[in-house]
Amino acid sequence: MRTETLIRSMNTLIRTNMEAHKGYKRAAKNIADPEISTTLETMAEKHQTYATDLSEVVDDMGGKPRDRSTMLGKFHDGWRNLEALLTNGDASMLIDECVKGEKAAIKNYREALRHPIPDGIIEMVWDQYDTIKATTQKLEVIRNDAI
């Protein structure tokens with residue numbers, strides 16, 4: 001993969017993780033159940049860590065990490081409906097939006113993984129992808145329990 005293409009791909013994943021971080025933080029603040037709120041906070045921090053790790057990769061390749069959304073200031077894909085639900089506070093609906101956000105992240109990771117990624121980076125991207133898939137499954141269980 002050409003360096004510019006790889007940087008662009010990693011920047012997409014950085015934005016994806018930053019949006020997930022923001023989405024989880026907002027959802028955690030608006031869910032009354034402290035256990036679910038703590039879980040969402042933990043997920044927010046994981047996404048922050050992923051974005052930081054990917055930013056270091058982009059820096060090491062001589063690129064500039066992009067950590068702001070380019071989507072007109074709105075949440076991307078699954079996170080966009082979260083705003084409307086925050087005032088409602090319905091746990092199952094908020095968690096459902098988190099699931100949609102994670103599924104959007106999975107889609108972005110799959111796209112990145114379709115291209116060659118150098119050793120040392122590919123393992124990190126696969127680990128993040130696998131964890132996001134597991135998180136999605138965990139969220140689906142939490143959502144089903146909240147119904």
# chains A, B, ... in the order shown; residues from 1 in each chain; ligands from 1

$ residues_around --residues "Lys138 of chain A" --least-positions-apart "5" --cutoff "12 Å" --atoms "only C-alpha atoms" --output "PDB file with all heavy atoms, in the first residue's frame"
ATOM      1  N   ILE A  36     -24.042   0.211  33.413  1.00  0.00           N
ATOM      2  CA  ILE A  36     -23.984   0.411  31.959  1.00  0.00           C
ATOM      3  C   ILE A  36     -23.163   1.655  31.641  1.00  0.00           C
ATOM      4  O   ILE A  36     -22.347   1.662  30.719  1.00  0.00           O
ATOM      5  CB  ILE A  36     -25.402   0.503  31.351  1.00  0.00           C
ATOM      6  CG1 ILE A  36     -26.123  -0.832  31.502  1.00  0.00           C
ATOM      7  CG2 ILE A  36     -25.324   0.909  29.878  1.00  0.00           C
ATOM      8  CD1 ILE A  36     -27.581  -0.815  31.075  1.00  0.00           C
ATOM      9  N   THR A  39     -19.550   0.838  31.838  1.00  0.00           N
ATOM     10  CA  THR A  39     -19.170   0.037  30.673  1.00  0.00           C
ATOM     11  C   THR A  39     -18.954   0.932  29.461  1.00  0.00           C
ATOM     12  O   THR A  39     -17.975   0.781  28.726  1.00  0.00           O
ATOM     13  CB  THR A  39     -20.245  -1.025  30.369  1.00  0.00           C
ATOM     14  OG1 THR A  39     -20.350  -1.911  31.495  1.00  0.00           O
ATOM     15  CG2 THR A  39     -19.912  -1.823  29.119  1.00  0.00           C
ATOM     16  N   LEU A  40     -19.861   1.883  29.251  1.00  0.00           N
ATOM     17  CA  LEU A  40     -19.740   2.790  28.104  1.00  0.00           C
ATOM     18  C   LEU A  40     -18.517   3.698  28.243  1.00  0.00           C
ATOM     19  O   LEU A  40     -17.841   3.987  27.255  1.00  0.00           O
ATOM     20  CB  LEU A  40     -21.016   3.608  27.931  1.00  0.00           C
ATOM     21  CG  LEU A  40     -22.282   2.802  27.605  1.00  0.00           C
ATOM     22  CD1 LEU A  40     -23.481   3.733  27.465  1.00  0.00           C
ATOM     23  CD2 LEU A  40     -22.107   1.957  26.357  1.00  0.00           C
ATOM     24  N   MET A  43     -15.557   1.708  27.193  1.00  0.00           N
ATOM     25  CA  MET A  43     -15.507   1.597  25.735  1.00  0.00           C
ATOM     26  C   MET A  43     -15.018   2.900  25.107  1.00  0.00           C
ATOM     27  O   MET A  43     -14.257   2.880  24.128  1.00  0.00           O
ATOM     28  CB  MET A  43     -16.875   1.189  25.197  1.00  0.00           C
ATOM     29  CG  MET A  43     -17.247  -0.222  25.584  1.00  0.00           C
ATOM     30  SD  MET A  43     -18.942  -0.630  25.141  1.00  0.00           S
ATOM     31  CE  MET A  43     -19.050  -2.315  25.727  1.00  0.00           C
ATOM     32  N   ILE A  95     -28.156   2.369  23.654  1.00  0.00           N
ATOM     33  CA  ILE A  95     -27.245   1.258  23.391  1.00  0.00           C
ATOM     34  C   ILE A  95     -27.376   0.805  21.942  1.00  0.00           C
ATOM     35  O   ILE A  95     -26.375   0.484  21.286  1.00  0.00           O
ATOM     36  CB  ILE A  95     -27.469   0.101  24.380  1.00  0.00           C
ATOM     37  CG1 ILE A  95     -27.082   0.568  25.791  1.00  0.00           C
ATOM     38  CG2 ILE A  95     -26.669  -1.131  23.980  1.00  0.00           C
ATOM     39  CD1 ILE A  95     -27.521  -0.343  26.893  1.00  0.00           C
ATOM     40  N   ASP A  96     -28.592   0.822  21.415  1.00  0.00           N
ATOM     41  CA  ASP A  96     -28.797   0.467  20.017  1.00  0.00           C
ATOM     42  C   ASP A  96     -28.003   1.401  19.096  1.00  0.00           C
ATOM     43  O   ASP A  96     -27.399   0.960  18.118  1.00  0.00           O
ATOM     44  CB  ASP A  96     -30.285   0.511  19.665  1.00  0.00           C
ATOM     45  CG  ASP A  96     -30.574  -0.137  18.331  1.00  0.00           C
ATOM     46  OD1 ASP A  96     -30.101  -1.274  18.099  1.00  0.00           O
ATOM     47  OD2 ASP A  96     -31.260   0.492  17.503  1.00  0.00           O
ATOM     48  N   CYS A  98     -25.264   2.916  19.944  1.00  0.00           N
ATOM     49  CA  CYS A  98     -23.858   2.534  20.134  1.00  0.00           C
ATOM     50  C   CYS A  98     -23.516   1.320  19.276  1.00  0.00           C
ATOM     51  O   CYS A  98     -22.439   1.266  18.670  1.00  0.00           O
ATOM     52  CB  CYS A  98     -23.563   2.255  21.606  1.00  0.00           C
ATOM     53  SG  CYS A  98     -23.666   3.705  22.682  1.00  0.00           S
ATOM     54  N   VAL A  99     -24.443   0.368  19.207  1.00  0.00           N
ATOM     55  CA  VAL A  99     -24.246  -0.808  18.352  1.00  0.00           C
ATOM     56  C   VAL A  99     -24.104  -0.363  16.897  1.00  0.00           C
ATOM     57  O   VAL A  99     -23.206  -0.817  16.179  1.00  0.00           O
ATOM     58  CB  VAL A  99     -25.409  -1.820  18.509  1.00  0.00           C
ATOM     59  CG1 VAL A  99     -25.356  -2.888  17.427  1.00  0.00           C
ATOM     60  CG2 VAL A  99     -25.384  -2.457  19.890  1.00  0.00           C
ATOM     61  N   GLU A 102     -20.698   1.062  16.357  1.00  0.00           N
ATOM     62  CA  GLU A 102     -19.663   0.036  16.290  1.00  0.00           C
ATOM     63  C   GLU A 102     -19.718  -0.714  14.955  1.00  0.00           C
ATOM     64  O   GLU A 102     -18.680  -1.056  14.382  1.00  0.00           O
ATOM     65  CB  GLU A 102     -19.785  -0.946  17.456  1.00  0.00           C
ATOM     66  CG  GLU A 102     -19.421  -0.346  18.804  1.00  0.00           C
ATOM     67  CD  GLU A 102     -17.951  -0.016  18.956  1.00  0.00           C
ATOM     68  OE1 GLU A 102     -17.336   0.551  18.035  1.00  0.00           O
ATOM     69  OE2 GLU A 102     -17.405  -0.323  20.019  1.00  0.00           O
ATOM     70  N   THR A 131     -11.522  -6.529  18.729  1.00  0.00           N
ATOM     71  CA  THR A 131     -12.090  -6.008  19.974  1.00  0.00           C
ATOM     72  C   THR A 131     -13.387  -5.257  19.703  1.00  0.00           C
ATOM     73  O   THR A 131     -14.352  -5.372  20.469  1.00  0.00           O
ATOM     74  CB  THR A 131     -11.076  -5.097  20.694  1.00  0.00           C
ATOM     75  OG1 THR A 131      -9.892  -5.856  20.959  1.00  0.00           O
ATOM     76  CG2 THR A 131     -11.639  -4.572  22.006  1.00  0.00           C
ATOM     77  N   ILE A 132     -13.435  -4.499  18.630  1.00  0.00           N
ATOM     78  CA  ILE A 132     -14.655  -3.767  18.284  1.00  0.00           C
ATOM     79  C   ILE A 132     -15.781  -4.751  17.961  1.00  0.00           C
ATOM     80  O   ILE A 132     -16.931  -4.539  18.371  1.00  0.00           O
ATOM     81  CB  ILE A 132     -14.396  -2.779  17.126  1.00  0.00           C
ATOM     82  CG1 ILE A 132     -13.492  -1.642  17.624  1.00  0.00           C
ATOM     83  CG2 ILE A 132     -15.705  -2.238  16.555  1.00  0.00           C
ATOM     84  CD1 ILE A 132     -12.946  -0.748  16.532  1.00  0.00           C
ATOM     85  N   LYS A 133     -15.475  -5.835  17.268  1.00  0.00           N
ATOM     86  CA  LYS A 133     -16.495  -6.859  17.004  1.00  0.00           C
ATOM     87  C   LYS A 133     -17.006  -7.452  18.311  1.00  0.00           C
ATOM     88  O   LYS A 133     -18.213  -7.639  18.496  1.00  0.00           O
ATOM     89  CB  LYS A 133     -15.929  -7.951  16.100  1.00  0.00           C
ATOM     90  CG  LYS A 133     -15.867  -7.541  14.650  1.00  0.00           C
ATOM     91  CD  LYS A 133     -15.296  -8.596  13.720  1.00  0.00           C
ATOM     92  CE  LYS A 133     -15.547 -10.017  14.066  1.00  0.00           C
ATOM     93  NZ  LYS A 133     -14.948 -10.983  13.146  1.00  0.00           N
ATOM     94  N   ARG A 143     -28.043  -4.496  25.510  1.00  0.00           N
ATOM     95  CA  ARG A 143     -29.272  -3.923  24.969  1.00  0.00           C
ATOM     96  C   ARG A 143     -30.444  -4.869  25.172  1.00  0.00           C
ATOM     97  O   ARG A 143     -31.516  -4.460  25.598  1.00  0.00           O
ATOM     98  CB  ARG A 143     -29.100  -3.622  23.473  1.00  0.00           C
ATOM     99  CG  ARG A 143     -30.377  -3.047  22.839  1.00  0.00           C
ATOM    100  CD  ARG A 143     -30.314  -3.022  21.325  1.00  0.00           C
ATOM    101  NE  ARG A 143     -30.078  -4.369  20.828  1.00  0.00           N
ATOM    102  CZ  ARG A 143     -29.504  -4.646  19.669  1.00  0.00           C
ATOM    103  NH1 ARG A 143     -29.097  -3.663  18.892  1.00  0.00           N
ATOM    104  NH2 ARG A 143     -29.349  -5.875  19.285  1.00  0.00           N
ATOM    105  N   ASN A 144     -30.231  -6.151  24.879  1.00  0.00           N
ATOM    106  CA  ASN A 144     -31.309  -7.122  25.036  1.00  0.00           C
ATOM    107  C   ASN A 144     -31.732  -7.273  26.491  1.00  0.00           C
ATOM    108  O   ASN A 144     -32.903  -7.469  26.796  1.00  0.00           O
ATOM    109  CB  ASN A 144     -30.909  -8.464  24.436  1.00  0.00           C
ATOM    110  CG  ASN A 144     -30.764  -8.390  22.932  1.00  0.00           C
ATOM    111  OD1 ASN A 144     -31.295  -7.494  22.274  1.00  0.00           O
ATOM    112  ND2 ASN A 144     -30.006  -9.312  22.368  1.00  0.00           N
ATOM    113  N   ASP A 145     -30.771  -7.161  27.404  1.00  0.00           N
ATOM    114  CA  ASP A 145     -31.089  -7.216  28.848  1.00  0.00           C
ATOM    115  C   ASP A 145     -31.841  -5.983  29.302  1.00  0.00           C
ATOM    116  O   ASP A 145     -32.618  -6.040  30.254  1.00  0.00           O
ATOM    117  CB  ASP A 145     -29.820  -7.381  29.673  1.00  0.00           C
ATOM    118  CG  ASP A 145     -29.197  -8.760  29.531  1.00  0.00           C
ATOM    119  OD1 ASP A 145     -29.872  -9.676  28.977  1.00  0.00           O
ATOM    120  OD2 ASP A 145     -28.026  -8.923  29.945  1.00  0.00           O
TER     121      ASP A 145
END

$ residues_around --residues "Glu45 of chain A" --least-positions-apart "2" --cutoff "10 Å" --atoms "only C-alpha atoms" --output "JSON list (two decimals) with N, CA and C atoms, in the first residue's frame"
[["chain", "number", "residue", "atom", "x", "y", "z"],
["A", 17, "ASN", "N", -12.60, 6.21, 15.46],
["A", 17, "ASN", "CA", -12.42, 5.99, 16.90],
["A", 17, "ASN", "C", -12.70, 7.23, 17.71],
["A", 18, "MET", "N", -12.36, 8.39, 17.21],
["A", 18, "MET", "CA", -12.65, 9.63, 17.94],
["A", 18, "MET", "C", -14.16, 9.87, 18.03],
["A", 20, "ALA", "N", -16.43, 7.50, 17.95],
["A", 20, "ALA", "CA", -16.93, 6.50, 18.90],
["A", 20, "ALA", "C", -16.65, 6.95, 20.33],
["A", 21, "HIS", "N", -15.46, 7.48, 20.56],
["A", 21, "HIS", "CA", -15.11, 7.97, 21.90],
["A", 21, "HIS", "C", -16.12, 9.03, 22.34],
["A", 22, "LYS", "N", -16.37, 10.01, 21.49],
["A", 22, "LYS", "CA", -17.33, 11.08, 21.83],
["A", 22, "LYS", "C", -18.74, 10.52, 22.04],
["A", 24, "TYR", "N", -19.68, 7.43, 22.92],
["A", 24, "TYR", "CA", -19.78, 6.67, 24.17],
["A", 24, "TYR", "C", -19.79, 7.58, 25.39],
["A", 25, "LYS", "N", -18.96, 8.61, 25.37],
["A", 25, "LYS", "CA", -18.92, 9.55, 26.50],
["A", 25, "LYS", "C", -20.29, 10.19, 26.71],
["A", 40, "LEU", "N", -19.86, 1.88, 29.25],
["A", 40, "LEU", "CA", -19.74, 2.79, 28.10],
["A", 40, "LEU", "C", -18.52, 3.70, 28.24],
["A", 41, "GLU", "N", -18.22, 4.13, 29.45],
["A", 41, "GLU", "CA", -17.02, 4.94, 29.69],
["A", 41, "GLU", "C", -15.76, 4.14, 29.34],
["A", 42, "THR", "N", -15.75, 2.87, 29.72],
["A", 42, "THR", "CA", -14.62, 2.00, 29.40],
["A", 42, "THR", "C", -14.45, 1.86, 27.89],
["A", 43, "MET", "N", -15.56, 1.71, 27.19],
["A", 43, "MET", "CA", -15.51, 1.60, 25.73],
["A", 43, "MET", "C", -15.02, 2.90, 25.11],
["A", 47, "HIS", "N", -11.59, 3.36, 22.66],
["A", 47, "HIS", "CA", -11.55, 4.04, 21.35],
["A", 47, "HIS", "C", -10.56, 5.20, 21.36],
["A", 48, "GLN", "N", -10.43, 5.88, 22.48],
["A", 48, "GLN", "CA", -9.44, 6.95, 22.59],
["A", 48, "GLN", "C", -8.03, 6.36, 22.45],
["A", 49, "THR", "N", -7.80, 5.25, 23.09],
["A", 49, "THR", "CA", -6.49, 4.58, 23.00],
["A", 49, "THR", "C", -6.21, 4.15, 21.56],
["A", 50, "TYR", "N", -7.23, 3.59, 20.89],
["A", 50, "TYR", "CA", -7.04, 3.17, 19.50],
["A", 50, "TYR", "C", -6.67, 4.36, 18.63],
["A", 51, "ALA", "N", -7.37, 5.48, 18.82],
["A", 51, "ALA", "CA", -7.08, 6.67, 18.02],
["A", 51, "ALA", "C", -5.66, 7.17, 18.28]]

$ atom_distance --atom1 "atom CA of Glu19 of chain A" --atom2 "atom CA of Ile142 of chain A"
21.0 Å

$ select_by_dssp --residues "segment 114-147 of chain A" --states "helix (DSSP H, G or I)" --output "PyMOL selection string"
chain A and resi 122-146

$ residues_around --residues "Met10 of chain A" --least-positions-apart "4" --cutoff "7 Å" --atoms "only C-alpha atoms" --output "MDAnalysis selection string"
chainID A and resid 6 14 54 58

$ write_last_selection --atoms "C-alpha atoms" --output "compact mmCIF listing (two decimals), in the first residue's frame"
# COMPACT_ATOMS: atom_id res chain seq x y z
CA LEU A 6 -2.09 4.01 4.13
CA ILE A 14 -8.61 7.67 13.74
CA LEU A 54 -3.19 5.00 15.10
CA VAL A 58 0.54 8.13 11.03

$ closest_residue --among "A:Gly23, A:Asp90, A:Leu13, A:Glu35" --to "Tyr129 of chain A" --atoms "only C-alpha atoms"
A:Leu13

$ closest_residue --among "A:Ser92, A:Leu113, A:Ile31, A:Ala105" --to "Leu139 of chain A" --atoms "only C-alpha atoms"
A:Ser92
